[in-house]
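Coordinates as given in entry.txt (compact mmCIF, C-alpha atoms):
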```txt
# COMPACT_ATOMS: atom_id res chain seq x y z
CA MET A 960 57.04 2.12 12.13
CA ALA A 961 56.38 4.68 14.85
CA ALA A 962 53.96 3.59 17.54
CA LEU A 963 52.23 6.91 18.17
CA PRO A 964 50.23 7.47 14.95
CA GLY A 965 47.97 4.46 15.60
CA PHE A 966 46.15 5.57 18.73
CA ARG A 967 46.35 9.32 18.15
CA PHE A 968 45.31 9.00 14.55
CA SER A 969 42.37 6.77 15.54
CA LEU A 970 41.35 9.21 18.22
CA ALA A 971 41.53 12.17 15.85
CA LEU A 972 39.64 10.33 13.13
CA SER A 973 36.95 9.21 15.60
CA GLY A 974 36.54 12.81 16.72
CA ALA A 975 36.30 14.00 13.15
CA LEU A 976 33.76 11.29 12.39
CA LEU A 977 31.63 12.24 15.38
CA LEU A 978 31.72 15.88 14.32
CA ALA A 979 30.99 15.10 10.69
CA LEU A 980 28.06 12.73 11.20
CA PRO A 981 25.42 15.35 11.94
CA ALA A 982 26.46 17.28 8.86
CA LEU A 983 26.42 14.10 6.79
CA ALA A 984 23.00 13.19 8.05
CA GLY A 985 21.58 16.61 7.30
CA ASP A 986 18.39 17.12 9.23
CA SER A 987 17.08 13.59 9.14
CA LEU A 988 19.16 11.34 11.37
CA PHE A 989 19.20 13.29 14.59
CA LYS A 990 15.88 14.93 14.16
CA PRO A 991 12.93 13.45 16.03
CA LYS A 992 10.66 11.27 13.90
CA PRO A 993 8.35 13.51 11.86
CA ARG A 994 5.03 14.09 13.51
CA ALA A 995 1.81 15.36 12.09
CA ASP A 996 2.35 18.79 13.62
CA ALA A 997 1.13 20.50 10.49
CA LEU A 998 -0.44 19.06 7.41
CA LEU A 999 -1.77 20.38 4.15
CA PRO A 1000 -5.49 20.85 3.63
CA VAL A 1001 -6.70 18.02 1.41
CA ASP A 1002 -7.08 20.19 -1.71
CA GLN A 1003 -3.47 21.35 -1.36
CA ALA A 1004 -2.17 17.85 -0.70
CA PHE A 1005 -3.97 16.51 -3.81
CA GLN A 1006 -4.56 19.32 -6.28
CA PHE A 1007 -7.08 18.16 -8.85
CA GLN A 1008 -6.73 20.28 -11.95
CA GLY A 1009 -9.95 19.26 -13.66
CA ALA A 1010 -10.70 17.70 -17.02
CA ARG A 1011 -9.78 18.81 -20.52
CA ARG A 1012 -10.47 17.41 -23.96
CA GLU A 1013 -7.31 16.64 -25.90
CA GLY A 1014 -6.58 14.43 -28.90
CA GLY A 1015 -9.66 12.22 -28.76
CA ALA A 1016 -9.51 11.74 -25.02
CA LEU A 1017 -10.52 13.39 -21.79
CA LYS A 1018 -7.47 14.17 -19.68
CA LEU A 1019 -7.60 14.46 -15.91
CA GLN A 1020 -4.67 15.81 -13.94
CA TRP A 1021 -3.55 15.91 -10.31
CA THR A 1022 -0.54 17.43 -8.61
CA VAL A 1023 0.33 15.55 -5.45
CA ALA A 1024 2.39 17.49 -2.90
CA PRO A 1025 5.74 16.04 -1.74
CA GLY A 1026 5.24 13.66 1.17
CA TYR A 1027 1.74 12.65 0.03
CA TYR A 1028 0.41 10.00 -2.34
CA LEU A 1029 -2.80 8.90 -4.06
CA TYR A 1030 -3.96 5.28 -4.19
CA ARG A 1031 -4.54 3.92 -7.69
CA HIS A 1032 -7.36 1.64 -6.56
CA MET A 1033 -9.23 4.60 -5.07
CA LEU A 1034 -9.31 6.61 -8.33
CA LYS A 1035 -12.75 6.38 -9.94
CA VAL A 1036 -14.48 8.43 -12.61
CA SER A 1037 -18.12 8.15 -13.62
CA VAL A 1038 -20.53 10.23 -15.64
CA ASP A 1039 -22.67 12.49 -13.51
CA SER A 1040 -24.68 14.02 -16.32
CA PRO A 1041 -26.35 12.93 -18.52
CA ALA A 1042 -27.01 10.02 -16.19
CA LYS A 1043 -27.40 7.28 -18.80
CA LEU A 1044 -24.18 8.01 -20.65
CA SER A 1045 -21.25 5.70 -20.05
CA LEU A 1046 -17.59 6.17 -20.84
CA ALA A 1047 -14.60 3.97 -21.58
CA PRO A 1048 -12.64 2.93 -18.49
CA LEU A 1049 -10.18 5.36 -16.93
CA GLN A 1050 -6.63 4.79 -18.20
CA LEU A 1051 -3.97 5.25 -15.56
CA PRO A 1052 -0.18 5.12 -15.83
CA LYS A 1053 1.76 2.51 -13.88
CA GLY A 1054 2.11 3.68 -10.32
CA GLU A 1055 4.84 3.26 -7.75
CA GLY A 1056 4.64 -0.10 -5.97
CA LYS A 1057 3.95 0.09 -2.27
CA GLN A 1058 3.76 -2.74 0.23
CA ASP A 1059 1.01 -1.49 2.47
CA PRO A 1060 0.96 -3.17 5.91
CA GLU A 1061 -2.82 -3.34 5.76
CA PHE A 1062 -3.73 -3.63 2.09
CA GLY A 1063 -0.72 -5.57 0.74
CA ALA A 1064 0.79 -4.69 -2.64
CA VAL A 1065 -0.79 -1.53 -3.99
CA GLU A 1066 0.11 1.15 -6.52
CA ILE A 1067 0.39 4.79 -5.59
CA TYR A 1068 1.04 8.06 -7.37
CA ARG A 1069 3.27 10.95 -6.32
CA GLY A 1070 3.99 14.25 -8.05
CA GLN A 1071 2.15 14.68 -11.33
CA LEU A 1072 -0.60 12.27 -12.33
CA LEU A 1073 -2.20 12.37 -15.76
CA ALA A 1074 -5.07 9.98 -16.47
CA HIS A 1075 -7.19 9.78 -19.57
CA ILE A 1076 -10.46 8.40 -20.86
CA PRO A 1077 -10.58 7.55 -24.57
CA LEU A 1078 -13.53 9.13 -26.36
CA ALA A 1079 -15.41 7.28 -29.07
CA ALA A 1080 -16.29 9.46 -32.07
CA ASP A 1081 -19.94 8.40 -32.13
CA VAL A 1082 -20.63 8.84 -28.41
CA PRO A 1083 -21.74 12.23 -27.08
CA LEU A 1084 -19.58 13.93 -24.48
CA PRO A 1085 -20.69 13.97 -20.86
CA ARG A 1086 -21.52 17.34 -19.38
CA THR A 1087 -20.30 16.55 -15.89
CA LEU A 1088 -18.02 13.91 -14.45
CA ARG A 1089 -17.91 12.61 -10.89
CA VAL A 1090 -14.25 12.11 -9.92
CA ARG A 1091 -13.33 10.26 -6.76
CA TYR A 1092 -9.85 9.85 -5.26
CA GLN A 1093 -8.20 9.25 -1.93
CA GLY A 1094 -4.70 9.49 -0.55
CA CYS A 1095 -2.49 9.67 2.49
CA ALA A 1096 0.62 11.42 3.84
CA ASP A 1097 3.83 9.47 4.35
CA ILE A 1098 3.82 10.31 8.04
CA GLY A 1099 0.86 7.96 8.49
CA VAL A 1100 -2.39 9.84 8.17
CA CYS A 1101 -5.02 9.49 5.48
CA TYR A 1102 -7.54 11.92 4.07
CA PRO A 1103 -11.15 11.01 3.41
CA PRO A 1104 -12.14 10.10 -0.15
CA GLN A 1105 -12.77 13.22 -2.21
CA THR A 1106 -15.55 13.50 -4.75
CA LYS A 1107 -15.43 16.33 -7.28
CA LEU A 1108 -18.01 17.21 -9.88
CA VAL A 1109 -16.19 18.53 -12.88
CA ALA A 1110 -17.59 20.12 -16.02
CA VAL A 1111 -16.33 18.72 -19.30
CA PRO A 1112 -15.14 21.56 -21.54
CA MET B 911 53.18 -4.29 20.53
CA SER B 912 52.15 -0.72 19.78
CA ALA B 913 52.01 -1.50 16.07
CA VAL B 914 49.60 -4.32 16.90
CA LEU B 915 47.54 -1.96 19.04
CA SER B 916 47.42 0.66 16.30
CA ARG B 917 46.31 -1.98 13.79
CA GLN B 918 43.58 -3.08 16.19
CA ALA B 919 42.52 0.53 16.73
CA LEU B 920 42.40 1.15 12.99
CA GLY B 921 40.42 -2.05 12.50
CA ALA B 922 37.92 -0.99 15.15
CA LEU B 923 37.69 2.43 13.57
CA LEU B 924 37.05 0.91 10.16
CA ILE B 925 34.22 -1.17 11.61
CA ALA B 926 32.81 1.92 13.30
CA VAL B 927 32.89 3.87 10.03
CA VAL B 928 31.17 1.05 8.14
CA ALA B 929 28.57 0.68 10.92
CA ALA B 930 27.92 4.43 11.03
CA SER B 931 27.56 4.57 7.25
CA GLY B 932 25.18 1.62 7.35
CA GLY B 933 23.17 3.22 10.14
CA TYR B 934 23.07 6.47 8.25
CA TRP B 935 21.82 4.75 5.08
CA VAL B 936 19.18 2.83 7.01
CA ALA B 937 18.01 6.01 8.74
CA ARG B 938 17.80 7.91 5.45
CA HIS B 939 16.19 5.07 3.57
CA PHE B 940 13.49 4.07 6.02
CA GLN B 941 12.50 7.34 7.59
CA PRO B 942 9.22 8.52 6.06
CA ALA B 943 9.45 11.69 4.05
CA GLU B 944 8.08 14.64 5.92
CA PRO B 945 5.34 16.42 4.02
CA VAL B 946 6.55 19.69 2.67
CA ILE B 947 4.36 22.71 3.17
CA PRO B 948 4.84 24.86 0.05
CA GLU B 949 5.39 28.56 0.55
CA GLY B 950 2.18 30.52 0.70
CA VAL B 951 0.10 27.56 1.86
CA PRO B 952 -1.08 27.92 5.43
CA ARG B 953 0.22 25.29 7.84
CA VAL B 954 -2.78 23.66 9.37
CA PRO B 955 -2.09 22.34 12.86
CA ALA B 956 -3.01 18.66 12.79
CA ALA B 957 -4.74 18.88 16.15
CA ASN B 958 -5.91 21.95 18.01
CA GLY B 959 -3.93 21.51 21.20
CA ALA B 960 -5.71 24.51 22.72
CA LEU B 961 -8.68 22.22 23.33
CA GLU B 962 -6.72 20.16 25.86
CA GLY B 963 -8.06 21.09 29.30
CA GLN B 964 -11.35 22.29 27.83
CA PRO B 965 -14.72 20.57 28.24
CA ALA B 966 -15.46 18.30 25.27
CA PRO B 967 -18.26 19.65 23.11
CA GLU B 968 -21.33 17.45 22.74
CA VAL B 969 -20.98 15.28 19.67
CA VAL B 970 -23.75 13.18 18.15
CA VAL B 971 -23.07 10.36 15.66
CA ASN B 972 -25.21 7.33 14.77
CA ASP B 973 -24.28 3.83 15.88
CA LEU B 974 -24.39 0.83 13.55
CA ASP B 975 -28.13 0.46 14.19
CA GLY B 976 -28.73 4.04 13.08
CA LYS B 977 -29.41 5.25 16.61
CA PRO B 978 -27.98 8.70 17.50
CA ARG B 979 -25.41 8.45 20.30
CA LYS B 980 -23.85 11.25 22.35
CA LEU B 981 -20.32 11.28 23.73
CA SER B 982 -21.74 12.35 27.08
CA GLU B 983 -23.34 8.90 27.41
CA TRP B 984 -19.91 7.63 28.43
CA ARG B 985 -19.31 10.37 31.03
CA GLY B 986 -17.63 8.91 34.11
CA ARG B 987 -15.23 6.75 32.07
CA TRP B 988 -11.87 7.63 30.51
CA LEU B 989 -13.17 7.87 26.95
CA LEU B 990 -10.65 7.20 24.19
CA VAL B 991 -12.38 8.32 21.00
CA ASN B 992 -10.67 6.86 17.93
CA PHE B 993 -11.65 8.20 14.50
CA TRP B 994 -10.93 5.60 11.82
CA ALA B 995 -12.05 4.07 8.51
CA THR B 996 -11.58 0.81 6.67
CA TRP B 997 -9.91 2.65 3.76
CA CYS B 998 -7.25 4.06 6.11
CA GLY B 999 -4.28 1.70 6.50
CA PRO B 1000 -2.71 3.42 9.55
CA CYS B 1001 -6.13 3.31 11.26
CA MET B 1002 -6.58 -0.40 10.70
CA GLU B 1003 -3.08 -1.09 12.01
CA GLU B 1004 -3.79 0.37 15.43
CA ILE B 1005 -7.17 -1.29 16.00
CA PRO B 1006 -5.76 -4.52 17.50
CA LEU B 1007 -3.95 -2.31 20.04
CA LEU B 1008 -7.18 -0.56 20.97
CA ILE B 1009 -8.99 -3.89 21.31
CA ARG B 1010 -6.24 -5.09 23.64
CA ALA B 1011 -6.29 -1.83 25.60
CA GLN B 1012 -10.06 -2.14 26.10
CA SER B 1013 -9.65 -5.68 27.28
CA GLU B 1014 -6.72 -5.01 29.62
CA GLN B 1015 -7.45 -1.48 30.82
CA GLY B 1016 -11.21 -1.48 31.04
CA ALA B 1017 -10.94 -2.13 34.78
CA ARG B 1018 -8.93 1.09 35.11
CA GLY B 1019 -11.87 3.00 33.71
CA LEU B 1020 -10.93 3.01 30.03
CA GLN B 1021 -13.69 3.05 27.44
CA VAL B 1022 -12.58 2.99 23.82
CA LEU B 1023 -15.09 4.36 21.32
CA GLY B 1024 -14.57 3.95 17.58
CA VAL B 1025 -16.00 6.58 15.25
CA ALA B 1026 -15.77 5.50 11.63
CA MET B 1027 -15.90 7.81 8.63
CA ASP B 1028 -17.09 5.09 6.34
CA GLU B 1029 -19.94 3.03 4.90
CA SER B 1030 -21.92 1.10 7.53
CA ASP B 1031 -21.53 -2.24 5.74
CA ALA B 1032 -17.74 -1.95 5.53
CA VAL B 1033 -17.59 -1.01 9.23
CA ARG B 1034 -19.91 -3.85 10.27
CA LYS B 1035 -17.68 -6.32 8.41
CA ALA B 1036 -14.49 -4.98 10.02
CA VAL B 1037 -16.08 -4.95 13.48
CA SER B 1038 -17.07 -8.57 13.10
CA GLU B 1039 -13.85 -9.82 11.52
CA MET B 1040 -11.51 -7.99 13.88
CA GLY B 1041 -13.51 -8.75 17.01
CA PHE B 1042 -14.15 -5.23 18.24
CA ASN B 1043 -14.86 -5.25 21.96
CA TYR B 1044 -15.89 -1.59 22.09
CA PRO B 1045 -18.76 0.36 20.52
CA THR B 1046 -18.47 1.91 17.08
CA LEU B 1047 -20.31 4.86 15.62
CA VAL B 1048 -20.42 5.53 11.89
CA GLY B 1049 -21.17 8.35 9.47
CA ASP B 1050 -19.71 10.76 6.96
CA GLU B 1051 -20.56 14.44 7.38
CA ALA B 1052 -21.53 13.88 11.03
CA VAL B 1053 -18.12 12.34 11.66
CA LEU B 1054 -16.30 15.20 9.94
CA THR B 1055 -18.29 17.65 12.05
CA ALA B 1056 -17.51 15.68 15.21
CA MET B 1057 -13.81 15.64 14.41
CA GLU B 1058 -13.78 19.35 13.69
CA SER B 1059 -15.43 20.15 17.00
CA LEU B 1060 -12.83 17.93 18.69
CA GLY B 1061 -9.92 19.84 17.18
CA ASN B 1062 -9.30 18.21 13.79
CA SER B 1063 -10.16 20.63 11.01
CA LEU B 1064 -8.36 18.59 8.33
CA GLY B 1065 -10.56 15.52 8.46
CA ALA B 1066 -7.43 13.35 8.33
CA ILE B 1067 -7.28 10.11 10.31
CA PRO B 1068 -6.40 8.26 12.48
CA TYR B 1069 -7.30 10.85 15.10
CA THR B 1070 -7.62 10.04 18.76
CA VAL B 1071 -8.99 12.07 21.65
CA LEU B 1072 -8.82 11.18 25.34
CA ILE B 1073 -11.65 12.64 27.39
CA GLY B 1074 -11.60 12.41 31.18
CA PRO B 1075 -14.45 11.12 33.35
CA ASP B 1076 -15.32 14.78 34.00
CA GLY B 1077 -15.83 15.42 30.28
CA VAL B 1078 -12.63 17.43 29.90
CA ILE B 1079 -10.40 16.82 26.87
CA ARG B 1080 -7.03 15.55 28.12
CA TYR B 1081 -5.15 14.63 24.97
CA LEU B 1082 -5.39 14.88 21.19
CA GLU B 1083 -3.33 12.87 18.73
CA MET B 1084 -3.24 13.05 14.95
CA GLY B 1085 -1.71 9.92 13.39
CA GLY B 1086 -1.18 6.38 14.53
CA ILE B 1087 -0.58 5.41 18.13
CA ASP B 1088 1.81 2.55 18.81
CA ALA B 1089 1.78 0.27 21.85
CA THR B 1090 4.38 2.29 23.77
CA LYS B 1091 2.68 5.60 23.17
CA LEU B 1092 -0.71 4.21 24.13
CA GLN B 1093 0.64 2.67 27.32
CA THR B 1094 2.43 5.91 28.23
CA LEU B 1095 -0.73 7.88 27.60
CA LEU B 1096 -2.91 5.60 29.69
CA ASN B 1097 -0.36 5.46 32.52
CA ARG B 1098 -0.16 9.23 32.52
CA PHE B 1099 -3.88 9.76 32.98
CA LEU B 1100 -5.66 6.65 34.22
CA PRO B 1101 -5.64 5.55 37.86
CA ALA B 1102 -3.24 2.71 38.67
CA SER B 1103 -6.05 0.22 39.20
CA GLY B 1104 -9.77 0.02 38.83
```

Once more with this new file: its structure as structure tokens, please.
Amino acid sequence: MAALPGFRFSLALSGALLLALPALAGDSLFKPKPRADALLPVDQAFQFQGARREGGALKLQWTVAPGYYLYRHMLKVSVDSPAKLSLAPLQLPKGEGKQDPEFGAVEIYRGQLLAHIPLAADVPLPRTLRVRYQGCADIGVCYPPQTKLVAVP
Amino acid sequence: MSAVLSRQALGALLIAVVAASGGYWVARHFQPAEPVIPEGVPRVPAANGALEGQPAPEVVVNDLDGKPRKLSEWRGRWLLVNFWATWCGPCMEEIPLLIRAQSEQGARGLQVLGVAMDESDAVRKAVSEMGFNYPTLVGDEAVLTAMESLGNSLGAIPYTVLIGPDGVIRYLEMGGIDATKLQTLLNRFLPASG
């Protein structure tokens, strides 16, 4: 076995590896840690698309921008008008598990979120709902809770 | 001899490749995803850096007793204004650091001031349980207005502003501050000793 391939080959491969790593890592490994240099306004980060009546339920929809998330435990819906009307509890899909350093195990939503409230046939529809939600960006900033008054179609 | 050397070199190289791959995976896996700004949506600067070097505007927010307090009351100290809330995980994480900074750097002229965008009861509970050693103001719209006038138009928190004894804004930071960053910041601006 020739002696020369060992060292030269190692050297060449090491060089190739060094050159290839940045390409392999794309723009994440050697880039400085993301900073909050620019963020989305809250209504762009968490786009609430209002309520609609569909198949015996009220559907509420959000589009959460990439890099942001909504907390499940901060999603609340109540009847704004008429004041004395009450609704069935808000039904939410299973969220993504998150171990929050401060709040422990929580569920969060990314991307599309569709929630619904079952409607009883003998209960009148609310005119306006009060929808409350709150979320954060992955880079470590949080937006204040949002409250939207939404008309029920 | 050289065959042994080449085997050793190849072994070392293999370890390096495995280590690099592992490091790469760790970096990809644990680095937080950077928020994407969709096309057509204006990028909102997290903090208006143009305010640095400018006199801080007067800001009035109530304290926990409901008494209106002005930032200018703390003129003459290095005022570190920290906007926070109990519903904000990253805010709660940095509070022990701020408590320690107040305790250790107060003699250098540091005065931490918490401004919470929250319910008074929740803030009172946190202040008591966490042992705040600095004053805390609280509100909702008033806090949003205060933040906006101090360079944060998004209302996102944590948000921290360092104001000099002369009332001039020295530094703005959107997002959490870790121990190293806080120490660097204080060493950069505060006098070496009190």

Length of the atom CA of Gly1065 of chain B to atom CA of Arg1011 of chain A vector [Å]:
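If I compute the distance from atom CA of Gly1065 of chain B to atom CA of Arg1011 of chain A, I get 29.2 Å.
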
Excluding Tyr1068 of chain A and its own-chain neighbours fewer than 5 positions away, which residues fall within 7 Å of it when counting all atoms listed in the file? Please give them as a ChimeraX atom specification.
/A:1028-1031,1054-1055

For atom CA of Trp994 of chain B and atom CA of Gly1099 of chain A, determine how far apart the two atoms are, in Å to one decimal place.
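Computing the Euclidean distance for atom CA of Trp994 of chain B and atom CA of Gly1099 of chain A yields 12.5 Å.
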
Pick from B:Leu924, B:Cys998, B:Leu1096, B:Ala1011, whichever lies nearest to chain A using all atoms listed in the file
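Answer, going by the shortest atom-to-atom distance: B:Cys998.
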
Length of the atom CA of Glu1039 of chain B to atom CA of Pro1060 of chain A vector [Å]
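Calculated distance between atom CA of Glu1039 of chain B and atom CA of Pro1060 of chain A is 17.2 Å.
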
Which residues come within 10 Å of segment 1013-1016 of chain B, counting only C-alpha atoms, excluding same-chain residues fewer than 6 positions away, as a VMD selection string?
chain B and resid 987 to 988 1007 1022 1043 to 1044 1093 1096 1100 1102 to 1104

Which residues of segment 1003-1090 of chain B have any atom within 12 Å of an atom in segment 995-1004 of chain A when counting all atoms listed in the file, and what is the closest pair of atoms for each, with the distance in Å to one decimal? Order the rows by chain and rising number and write it as JSON lines.
```
{"residue": "B:Asn1062", "atom": "CA", "partner": "A:Leu998", "partner_atom": "CA", "distance": 11.0}
{"residue": "B:Ser1063", "atom": "CA", "partner": "A:Pro1000", "partner_atom": "CA", "distance": 8.7}
{"residue": "B:Leu1064", "atom": "CA", "partner": "A:Pro1000", "partner_atom": "CA", "distance": 6.0}
{"residue": "B:Gly1065", "atom": "CA", "partner": "A:Val1001", "partner_atom": "CA", "distance": 8.4}
{"residue": "B:Ala1066", "atom": "CA", "partner": "A:Val1001", "partner_atom": "CA", "distance": 8.4}
{"residue": "B:Ile1067", "atom": "CA", "partner": "A:Ala995", "partner_atom": "CA", "distance": 10.6}
{"residue": "B:Pro1068", "atom": "CA", "partner": "A:Ala995", "partner_atom": "CA", "distance": 10.9}
{"residue": "B:Tyr1069", "atom": "CA", "partner": "A:Ala995", "partner_atom": "CA", "distance": 10.6}
{"residue": "B:Leu1082", "atom": "CA", "partner": "A:Asp996", "partner_atom": "CA", "distance": 11.5}
{"residue": "B:Glu1083", "atom": "CA", "partner": "A:Ala995", "partner_atom": "CA", "distance": 8.8}
{"residue": "B:Met1084", "atom": "CA", "partner": "A:Ala995", "partner_atom": "CA", "distance": 6.2}
{"residue": "B:Gly1085", "atom": "CA", "partner": "A:Ala995", "partner_atom": "CA", "distance": 6.6}
{"residue": "B:Gly1086", "atom": "CA", "partner": "A:Ala995", "partner_atom": "CA", "distance": 9.8}
{"residue": "B:Ile1087", "atom": "CA", "partner": "A:Ala995", "partner_atom": "CA", "distance": 11.9}
```

Return the single residue from A:Ser1037, A:Val1065, A:Pro1048, A:Gln1105 that is closest to Gln1093 of chain A, with distances computed using only C-alpha atoms.
A:Gln1105

Determine the nearest neighbour of chain A from the options B:Pro1000, B:Gly976, B:Gly1024, B:Gly986, counting only C-alpha atoms.
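Once distances to chain A are computed over only C-alpha atoms, the minimum belongs to B:Pro1000.
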
Shell around segment 1012-1023 of chain A at 8 Å using all atoms listed in the file, local window under 2 positions removed, as a VMD selection string:
chain A and resid 1004 to 1010 1025 1027 to 1029 1068 to 1080 1111 to 1112

Counting all atoms listed in the file, which of B:Gly1041, B:Gly1019, B:Pro967, B:Gly959 gets nearest to Ala1056 of chain B?
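Checking each candidate against Ala1056 of chain B, we get B:Pro967 as the closest.
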
Residue with smallest distance to chain A - pool B:Glu1058, B:Asp1076, B:Glu1003, B:Asp1031, counting only C-alpha atoms
B:Glu1003

Using only C-alpha atoms: which of B:Glu968, B:Asp975, B:Glu1029, B:Glu962 has the shortest distance to Val1078 of chain B:
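Comparing B:Glu968, B:Asp975, B:Glu1029, B:Glu962 against Val1078 of chain B, the winner is B:Glu962.
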
Determine, counting all atoms listed in the file, which protein, DNA and RNA residues have an atom within 12 Å of an atom of Lys1043 of chain A; residues of the same chain fewer than 6 positions away are not included. Present the result as a ChimeraX atom specification.
/A:1037,1082-1086

Could you save the residues just selected, with C-alpha atoms, as a PDB file, in the frame of the given file?
```pdb
ATOM      1  CA  SER A1037     -18.120   8.150 -13.620  1.00  0.00           C
ATOM      2  CA  VAL A1082     -20.630   8.840 -28.410  1.00  0.00           C
ATOM      3  CA  PRO A1083     -21.740  12.230 -27.080  1.00  0.00           C
ATOM      4  CA  LEU A1084     -19.580  13.930 -24.480  1.00  0.00           C
ATOM      5  CA  PRO A1085     -20.690  13.970 -20.860  1.00  0.00           C
ATOM      6  CA  ARG A1086     -21.520  17.340 -19.380  1.00  0.00           C
TER       7      ARG A1086
END
```

Output as lines of an AutoDock Vina configuration file the centre and edge lengths (Å, one decimal) of the box along x, y and z of the file that holds every listed atom of segment 1041-1047 of chain B after adding 4 Å on each side.
```
center_x = -16.9
center_y = -1.9
center_z = 18.9
size_x = 14.8
size_y = 21.6
size_z = 14.5
```
